[in-house]
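One structure is given here, and the rest of the page talks about it.
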Amino acid sequence: MSAIAPGAGPLPLAGTRRTGRAALVGAACAALAVALTGCGGSGDPDAGTNGVGKLPAAKIESKARAAAEHADTVHLSGNVVSQGRTYKLDMRLAKDGAKGELTTKAAAFQLLRVGDALYLKANAAFWAGEKSGASGRPNQAADKLGGKYVKVPAGDPVYKRFSGFTDKDTLLAGLLGLHGKLTTGDRSDIDGARTIRVAAGAGSGGTLDVSLEGTPYPLRLHRAGGAGVVRLADWGRSVDLKAPAKGQVVDYGAKISGKG
């Protein structure tokens with residue numbers, strides 16, 4: 001029987017196995033580096049996004065404003081402080097009207113605008129708190145108005161006070177203002193959509209979270225000075241607007257007068 005010479009036989013095979021394992025590990029690591037950031041690789045945080053994350057903060061804000069302006073509809077919800085009053089909003093806004101609910105410390109009521117026609121639905125207590133006509137006396141018709149859609153005339157103070165909450169362009173123009181030097185901040189996630197934050201005045205002038213997916217819509221706003229936080233969703237989704245049934249409407253005409 002012949003002897004196996006030193007260095008022959010299985011030694012090359014063992015070396016081949018080590019080389020094969022190393023190659024497999026290396027290939028797996030390279031694949032992970034491409035998909036994620038593992039094995040010493042570096043991923044692109046903007047991969048698969050709309051690219052606005054690479055832009056300067058001012059440009060991101062500009063694109064978000066333009067996207068909001070051109071959208072036909074939006075669902076806006078949250079809290080807004082205006083002229084010392086805190087309003088809780090849940091409004092679906094379209095270019096030709098809006099519908100939703102507005103809540104204050106004193107009352108909650110529904111708003112509906114179809115074209116130029118504004119309807120307000122509240123309980124009798126709300127209407128009792130509104131002054132009647134030029135006399136300034138409590139509204140004697142409050143019981144008749146409670147629970148009905150009251151069609152408010154365009155020249156009435158109630159119309160002037162609340163119609164702005166149903167006007168998409170006016171409301172967003174007032175809300176989306178940032179004050180101070182703009183900088184880009186944290187990346188986050190809102191309802192499953194990746195976002196990038198634009199901060200004004202290091203955050204004291206408000207912050208705006210902008211979508212990194214699809215159209216760069218604004219998705220969340222922290223208003224300057226603690227003046228509220230609002231969410232913006234359902235951009236472009238249809239809003240069903242139609243006037244209430246006649247039996248549910250009270251056309252109170254110019255007799256309704258608000259506090260101003």
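To be explicit about the labels: the chains of the structure tokens are called A, B, and onward in the order shown, and within each one the residues are counted from 1, while ligands get numbers from 1 in the order they are shown.
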With a cut-off of 6 Å, could you pull out the residues of stretch 105-204 of chain A touching stretch 74-97 of chain A and give me the nearest pair of atoms for each, distance in Å to one decimal, using only C-alpha atoms, ordered by chain and ascending number, as JSON lines?
{"residue": "A:Arg113", "atom": "CA", "partner": "A:Gly97", "partner_atom": "CA", "distance": 4.8}
{"residue": "A:Val114", "atom": "CA", "partner": "A:Gly97", "partner_atom": "CA", "distance": 4.8}
{"residue": "A:Gly115", "atom": "CA", "partner": "A:Asp96", "partner_atom": "CA", "distance": 5.2}
{"residue": "A:Lys168", "atom": "CA", "partner": "A:Leu93", "partner_atom": "CA", "distance": 5.5}
Using only C-alpha atoms, what does the table of stretch 132-245 of chain A residues within 6 Å of stretch 49-56 of chain A look like, with each row giving the shortest atom pair and its distance in Å to one decimal, sorted by chain and ascending number, as CSV?
residue,atom,partner,partner_atom,distance
A:Leu212,CA,A:Thr49,CA,5.3
A:Glu213,CA,A:Thr49,CA,5.2
A:Gly214,CA,A:Asn50,CA,5.7
With C-alpha atoms kept, could you save the residues just selected as a tab-separated table (two decimals), in the first residue's frame?
chain	number	residue	atom	x	y	z
A	212	LEU	CA	-40.89	62.20	1.02
A	213	GLU	CA	-43.17	59.93	-0.96
A	214	GLY	CA	-45.06	60.90	-4.08
* **Two-atom distance - atom CA of A:Ala199, atom CA of A:Gly185 (Å)** =>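 Distance reported for this atom pair: 6.4 Å.
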* **Residue nearest A:Arg65 - candidates A:Phe165, A:Trp235, A:Tyr119, A:Tyr217, atoms counted: only C-alpha atoms** =>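 Of the candidates, the smallest distance to A:Arg65 is held by A:Tyr217.
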